[in-house]
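Taking it in order: structure first as structure tokens, then the write-up.
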Amino acid sequence: MGNQASKLRSAEQPWIEQGQKKPFFSISQFKLCNVVGKGSWSTVFVVKDRSSKQKFALKCINKKKHNPGKIKQLLTEVSLLRSLDHPLLCRFYSEFQDDSKIYLVSDLMLGGDLRYHIAQNRFQESVVCVWIAELASALIYIHSKGILHRDIKPDNILLDEFGHCRLVDFNVASRLSQKTPDGKGFVKGRVGTPAYMSPETLVHSISYRESDWWSLGITMYECLLQSRPFSSTMVVNWIRSSEKEKNSLLETMCSSLELRNNKQLDILSKEARVAIRGFLEPSIRNRFGHHENNIPNISFFSPVCFDTISQGKWAPKFRPKSGKLYADPILELEATF
Ligand SMILES: Nc1ncnc2c1ncn2[C@@H]1O[C@H](COP(=O)(O)OP(=O)(O)OP(=O)(O)O)[C@@H](O)[C@H]1O
């Protein structure tokens with residue numbers, strides 16, 4: 001399995017040598033092909049490098065549409081992306097700008113995002129096991145670099161053409177700035193997407209490494225069951241409640257997870273249930289991921305070899321259709337450049 005996967009990945013290696021810092025510096029180096037995605041403040045194009053003919057993703061941000069605060073946030077994202085290099089992250093190459101726009105060049109992911117795929121199909125545990133193990137490996141890596149992602153959810157996970165997961169969108173990622181007594185660190189602020197936010201982020205406006213593991217737990221639940229354990233309304237009510245009410249709401253949330261164990265989680269294997277409950281443990285000390293070295297020992301991951309996974313060499317169990325453009329055709333019509 002490992003060998004077959006290695007061959008696949010060697011074919012997808014980008015032509016650019018690792019360590020070559022700024023291969024792109026102008027929009028004129030590219031031929032624009034089509035739109036592959038649209039975010040709240042950018043349009044992402046498929047582009048072809050005129051000299052190598054290699055395709056890349058080009059994210060275009062219109063400077064005039066955003067205030068200086070947003071631009072500063074973008075520059076933080078760029079500096080984080082520059083410090084990361086892992087097979088299960090989307091490789092970032094260059095940023096450059098002209099009078100009207102800022103451009104970011106990265107690897108092109110042709111397999112669509114997990115949000116799209118899980119809306120279409122209920123996937124078997126063997127598929128989800130590889131996805132979550134790959135994401136866990138990417139998380140362990142970014143945490144080792146002192147970075148929290150803070151917005152893990154299916155929308156921010158893209159598949160490459162072979163079906164490997166790549167964690168993307170470091171818009172709200174942050175370096176761990178403050179230190180806890182155990183030296184691990186945290187970031188202040190209630191940042192992320194409410195339905196995926198951990199209790200400590202929702203209640204105390206603080207994120208630890210464990211908060212990313214909570215969000216991964218919600219993502220895993222959703223990948224397996226096509227629904228989320230906590231409704232957005234429940235989460236929003238929780239944010240708005242008083243300090244006193246928050247504790248009782250936390251109990252309601254946790255017992256709602258327990259109740260769902262009887263109905264929804266019953267269709268899953270024991271290993272999957274244990275993993276979901278472990279990631280969705282309200283206490284950060286008891287949560288899976290508190291000791292990141294133990295992640296490979298979680299029984300749900302026993303079918304995979306974590307070392308091979310973390311090199312991006314484990315063959316995924318689901319491969320997106322080749323040649324299919326996983327993008328809403330309407331984006332093409334709406335796109336402006
Ligand atoms: N490297 C890539 N390869 C292929 N598609 C991509 C790539 N990066 C982004 N996309 C597509 O473009 C969409 C928008 O990208 P992204 O979420 O990074 O933009 P954004 O403006 O930062 O959005 P938001 O703030 O709403 O998250 C993604 O949902 C995805 O479908």
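The way I read the labels, and the way they are meant: chains A, B, ... in the order of the structure tokens, residue 1 as the first residue of every chain, and ligand 1 as the first ligand shown, with later ones counted on from there.
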
Which residues of chain A sit at most 6 Å from ligand 1, using only C-alpha atoms and all ligand atoms? Give each one's shortest atom pair and distance in Å (one decimal place), in chain and ascending residue order, as a Markdown table.
```
| residue | atom | partner | partner_atom_place_in_ligand_line | distance |
| --- | --- | --- | --- | --- |
| A:Val36 | CA | ligand 1 | 5 (N) | 5.3 |
| A:Gly37 | CA | ligand 1 | 12 (O) | 3.3 |
| A:Lys38 | CA | ligand 1 | 14 (C) | 4.2 |
| A:Gly39 | CA | ligand 1 | 23 (O) | 3.2 |
| A:Ser40 | CA | ligand 1 | 26 (O) | 3.8 |
| A:Trp41 | CA | ligand 1 | 21 (O) | 4.0 |
| A:Ser42 | CA | ligand 1 | 21 (O) | 3.9 |
| A:Val44 | CA | ligand 1 | 12 (O) | 5.0 |
| A:Ala57 | CA | ligand 1 | 1 (N) | 4.9 |
| A:Ser106 | CA | ligand 1 | 1 (N) | 5.4 |
| A:Asp107 | CA | ligand 1 | 1 (N) | 5.1 |
| A:Leu108 | CA | ligand 1 | 3 (N) | 3.9 |
| A:Met109 | CA | ligand 1 | 3 (N) | 3.8 |
| A:Leu110 | CA | ligand 1 | 4 (C) | 5.8 |
| A:Asp169 | CA | ligand 1 | 18 (O) | 4.7 |
| A:Asn171 | CA | ligand 1 | 22 (O) | 6.0 |
```

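Taking range 150-218 of chain A and asking which residues DSSP calls helix (DSSP H, G or I) on the backbone, you get Pro154, Asp155, Asn156, Pro194, Ala195, Tyr196, Pro199, Glu200, Thr201, Leu202, Val203, His204, Arg209, Glu210, Ser211, Asp212, Trp213, Trp214, Ser215, Leu216, Gly217 and Ile218 of chain A.
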
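Of the residues under consideration (A:Leu81, A:Ser227, A:Gln178, A:His204), A:His204 shows the shortest atom-to-atom contact distance to Ser242 in chain A when counting only C-alpha atoms.
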
Q.
Excluding Ala136 in chain A and its own-chain neighbours fewer than 6 positions away, which residues fall within 12 Å of it when counting only C-alpha atoms? Please give them as a VMD selection string.
A. chain A and resid 88 to 89 128 to 130 142 to 143 152 165 to 167 209 to 210 212 to 217 219 to 220 279 288 to 289 292 to 296 298 301 306 to 307 309 to 310 312

Q. Taking into account only C-alpha atoms, which residue in the set A:Tyr208, A:Tyr196, A:Trp238, A:Phe162 is nearest to Gly183 in chain A?
A. A:Tyr208

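For the residues A:Ile71, A:Cys60, A:Leu104, A:Ile118, ranking by smallest atom-to-atom distance to Phe24 in chain A using only C-alpha atoms places A:Leu104 first.
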
Q | Close residues, Gln124 in chain A itself excluded, 10 Å, only C-alpha atoms, min 3 positions apart in chain, as a PyMOL selection string | A | chain A and resi 121+127-129+223-225+268+317-318

Only all heavy atoms, please: the residues just picked out, written as an mmCIF file, in the first residue's frame.
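Generated file (out.cif):
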```cif
data_model
loop_
_atom_site.group_PDB
_atom_site.id
_atom_site.type_symbol
_atom_site.label_atom_id
_atom_site.label_comp_id
_atom_site.auth_asym_id
_atom_site.auth_seq_id
_atom_site.Cartn_x
_atom_site.Cartn_y
_atom_site.Cartn_z
ATOM 1 N N ASN A 121 -22.219 12.061 0.018
ATOM 2 C CA ASN A 121 -22.130 10.645 0.389
ATOM 3 C C ASN A 121 -21.924 10.461 1.878
ATOM 4 O O ASN A 121 -21.297 11.310 2.508
ATOM 5 C CB ASN A 121 -20.878 9.998 -0.237
ATOM 6 C CG ASN A 121 -20.951 9.965 -1.727
ATOM 7 O OD1 ASN A 121 -21.865 9.376 -2.290
ATOM 8 N ND2 ASN A 121 -19.985 10.598 -2.368
ATOM 9 N N VAL A 127 -12.552 5.117 5.116
ATOM 10 C CA VAL A 127 -12.217 6.345 4.375
ATOM 11 C C VAL A 127 -11.933 7.468 5.376
ATOM 12 O O VAL A 127 -10.909 8.164 5.308
ATOM 13 C CB VAL A 127 -13.390 6.762 3.442
ATOM 14 C CG1 VAL A 127 -13.109 8.094 2.773
ATOM 15 C CG2 VAL A 127 -13.694 5.684 2.422
ATOM 16 N N VAL A 128 -12.857 7.617 6.331
ATOM 17 C CA VAL A 128 -12.763 8.719 7.299
ATOM 18 C C VAL A 128 -11.532 8.539 8.193
ATOM 19 O O VAL A 128 -10.876 9.509 8.575
ATOM 20 C CB VAL A 128 -14.073 8.817 8.129
ATOM 21 C CG1 VAL A 128 -13.971 9.898 9.190
ATOM 22 C CG2 VAL A 128 -15.261 9.093 7.195
ATOM 23 N N CYS A 129 -11.194 7.282 8.475
ATOM 24 C CA CYS A 129 -10.015 7.007 9.306
ATOM 25 C C CYS A 129 -8.766 7.629 8.664
ATOM 26 O O CYS A 129 -7.981 8.307 9.337
ATOM 27 C CB CYS A 129 -9.853 5.494 9.454
ATOM 28 S SG CYS A 129 -8.299 5.036 10.196
ATOM 29 N N CYS A 223 -18.161 13.922 9.291
ATOM 30 C CA CYS A 223 -17.752 13.075 8.162
ATOM 31 C C CYS A 223 -18.419 11.702 8.250
ATOM 32 O O CYS A 223 -18.757 11.099 7.239
ATOM 33 C CB CYS A 223 -16.235 12.873 8.153
ATOM 34 S SG CYS A 223 -15.346 14.327 7.624
ATOM 35 N N LEU A 224 -18.611 11.211 9.478
ATOM 36 C CA LEU A 224 -19.188 9.877 9.630
ATOM 37 C C LEU A 224 -20.709 9.889 9.596
ATOM 38 O O LEU A 224 -21.326 8.938 9.140
ATOM 39 C CB LEU A 224 -18.724 9.258 10.955
ATOM 40 C CG LEU A 224 -17.246 8.845 10.994
ATOM 41 C CD1 LEU A 224 -16.815 8.518 12.414
ATOM 42 C CD2 LEU A 224 -17.011 7.637 10.085
ATOM 43 N N LEU A 225 -21.327 10.975 10.086
ATOM 44 C CA LEU A 225 -22.778 10.952 10.288
ATOM 45 C C LEU A 225 -23.541 11.997 9.481
ATOM 46 O O LEU A 225 -24.767 12.054 9.542
ATOM 47 C CB LEU A 225 -23.084 11.129 11.786
ATOM 48 C CG LEU A 225 -22.579 9.986 12.678
ATOM 49 C CD1 LEU A 225 -22.604 10.378 14.147
ATOM 50 C CD2 LEU A 225 -23.396 8.724 12.456
ATOM 51 N N LEU A 268 -22.023 3.428 14.574
ATOM 52 C CA LEU A 268 -20.567 3.457 14.377
ATOM 53 C C LEU A 268 -19.889 2.349 15.165
ATOM 54 O O LEU A 268 -20.446 1.823 16.121
ATOM 55 C CB LEU A 268 -20.011 4.816 14.835
ATOM 56 C CG LEU A 268 -20.584 6.055 14.166
ATOM 57 C CD1 LEU A 268 -19.919 7.302 14.758
ATOM 58 C CD2 LEU A 268 -20.389 6.014 12.663
ATOM 59 N N LYS A 317 -8.420 5.996 0.783
ATOM 60 C CA LYS A 317 -9.425 4.986 0.397
ATOM 61 C C LYS A 317 -10.472 5.570 -0.543
ATOM 62 O O LYS A 317 -11.334 4.866 -1.039
ATOM 63 C CB LYS A 317 -10.143 4.463 1.650
ATOM 64 C CG LYS A 317 -9.252 3.736 2.610
ATOM 65 C CD LYS A 317 -9.178 2.279 2.234
ATOM 66 C CE LYS A 317 -8.321 1.523 3.233
ATOM 67 N NZ LYS A 317 -7.970 0.192 2.758
ATOM 68 N N PHE A 318 -10.447 6.885 -0.694
ATOM 69 C CA PHE A 318 -11.402 7.527 -1.615
ATOM 70 C C PHE A 318 -10.621 8.451 -2.530
ATOM 71 O O PHE A 318 -9.803 9.250 -2.068
ATOM 72 C CB PHE A 318 -12.437 8.337 -0.816
ATOM 73 C CG PHE A 318 -13.251 9.278 -1.663
ATOM 74 C CD1 PHE A 318 -14.268 8.802 -2.476
ATOM 75 C CD2 PHE A 318 -12.976 10.654 -1.673
ATOM 76 C CE1 PHE A 318 -15.006 9.680 -3.271
ATOM 77 C CE2 PHE A 318 -13.717 11.530 -2.461
ATOM 78 C CZ PHE A 318 -14.738 11.043 -3.257
#
```

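Within the 9 Å cut-off around Leu114 in chain A, using only C-alpha atoms and omitting residues fewer than 4 positions from it on the same chain, the listed residues are Ile118, Ala119, Lys153, Pro154, Asp155, Asn156, Ile157, Leu158, Leu159, Cys165 and Cys223 of chain A.
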
Mind dumping the selected residues with all heavy atoms as a tab-separated table (two decimals), in the first residue's frame?
```tsv
chain	number	residue	atom	x	y	z
A	118	ILE	N	-18.94	15.29	1.81
A	118	ILE	CA	-19.79	14.66	2.83
A	118	ILE	C	-21.27	15.02	2.63
A	118	ILE	O	-22.15	14.36	3.15
A	118	ILE	CB	-19.32	14.95	4.28
A	118	ILE	CG1	-19.35	16.44	4.61
A	118	ILE	CG2	-17.94	14.37	4.52
A	118	ILE	CD1	-18.92	16.75	6.06
A	119	ALA	N	-21.51	16.09	1.86
A	119	ALA	CA	-22.91	16.40	1.54
A	119	ALA	C	-23.45	15.40	0.49
A	119	ALA	O	-24.65	15.15	0.43
A	119	ALA	CB	-23.02	17.83	1.00
A	153	LYS	N	-12.69	22.72	10.02
A	153	LYS	CA	-14.05	22.33	9.64
A	153	LYS	C	-13.98	21.81	8.20
A	153	LYS	O	-12.97	22.07	7.50
A	153	LYS	CB	-15.02	23.53	9.73
A	153	LYS	CG	-14.59	24.73	8.89
A	153	LYS	CD	-15.59	25.88	9.04
A	153	LYS	CE	-15.13	27.09	8.22
A	153	LYS	NZ	-16.07	28.20	8.28
A	154	PRO	N	-14.99	21.05	7.75
A	154	PRO	CA	-14.89	20.42	6.42
A	154	PRO	C	-14.64	21.41	5.28
A	154	PRO	O	-13.99	21.06	4.28
A	154	PRO	CB	-16.26	19.74	6.26
A	154	PRO	CG	-16.69	19.46	7.67
A	154	PRO	CD	-16.20	20.63	8.48
A	155	ASP	N	-15.11	22.66	5.42
A	155	ASP	CA	-14.92	23.66	4.36
A	155	ASP	C	-13.43	23.97	4.16
A	155	ASP	O	-13.02	24.42	3.10
A	155	ASP	CB	-15.61	24.99	4.72
A	155	ASP	CG	-16.96	24.76	5.34
A	155	ASP	OD1	-17.05	24.06	6.37
A	155	ASP	OD2	-17.93	25.25	4.79
A	156	ASN	N	-12.65	23.82	5.22
A	156	ASN	CA	-11.23	24.20	5.17
A	156	ASN	C	-10.31	23.00	4.97
A	156	ASN	O	-9.13	23.06	5.26
A	156	ASN	CB	-10.85	24.96	6.45
A	156	ASN	CG	-11.46	26.34	6.47
A	156	ASN	OD1	-11.80	26.87	5.41
A	156	ASN	ND2	-11.60	26.93	7.65
A	157	ILE	N	-10.90	21.94	4.45
A	157	ILE	CA	-10.10	20.75	4.15
A	157	ILE	C	-10.31	20.41	2.68
A	157	ILE	O	-11.44	20.12	2.25
A	157	ILE	CB	-10.53	19.56	5.05
A	157	ILE	CG1	-10.29	19.94	6.52
A	157	ILE	CG2	-9.77	18.30	4.66
A	157	ILE	CD1	-11.10	19.15	7.51
A	158	LEU	N	-9.25	20.52	1.92
A	158	LEU	CA	-9.35	20.24	0.48
A	158	LEU	C	-8.73	18.88	0.19
A	158	LEU	O	-7.78	18.47	0.87
A	158	LEU	CB	-8.62	21.31	-0.33
A	158	LEU	CG	-9.08	22.76	-0.17
A	158	LEU	CD1	-8.29	23.68	-1.11
A	158	LEU	CD2	-10.57	22.89	-0.47
A	159	LEU	N	-9.26	18.20	-0.83
A	159	LEU	CA	-8.64	16.95	-1.26
A	159	LEU	C	-7.79	17.23	-2.49
A	159	LEU	O	-8.17	18.01	-3.36
A	159	LEU	CB	-9.71	15.92	-1.63
A	159	LEU	CG	-10.63	15.42	-0.51
A	159	LEU	CD1	-11.54	14.31	-1.03
A	159	LEU	CD2	-9.82	14.91	0.67
A	165	CYS	N	-5.97	14.55	2.19
A	165	CYS	CA	-6.54	15.77	2.80
A	165	CYS	C	-5.48	16.83	2.97
A	165	CYS	O	-4.37	16.51	3.42
A	165	CYS	CB	-7.03	15.45	4.21
A	165	CYS	SG	-8.62	14.72	4.29
A	223	CYS	N	-18.16	13.92	9.29
A	223	CYS	CA	-17.75	13.07	8.16
A	223	CYS	C	-18.42	11.70	8.25
A	223	CYS	O	-18.76	11.10	7.24
A	223	CYS	CB	-16.23	12.87	8.15
A	223	CYS	SG	-15.35	14.33	7.62
```

Q. A:Ile239, A:Leu148, A:Val46, A:Val172: which is nearest Ser205 in chain A, counting only C-alpha atoms?
A. A:Ile239

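The list of residues with at least one atom within 12 Å of Glu243 in chain A, based on only C-alpha atoms and without residues fewer than 5 positions apart in the same chain, reads Leu202, Val203, His204, Trp238, Ser248, Leu249 and Leu250 of chain A.
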
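Counting only C-alpha atoms and comparing A:Lys101, A:Lys70, A:Thr43, A:Lys263, the residue that lies closest to Ile27 in chain A is A:Lys101.
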
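Closest to Glu134 in chain A among A:His290, A:Lys321, A:Lys48, A:Lys313 is A:Lys313, based on only C-alpha atoms.
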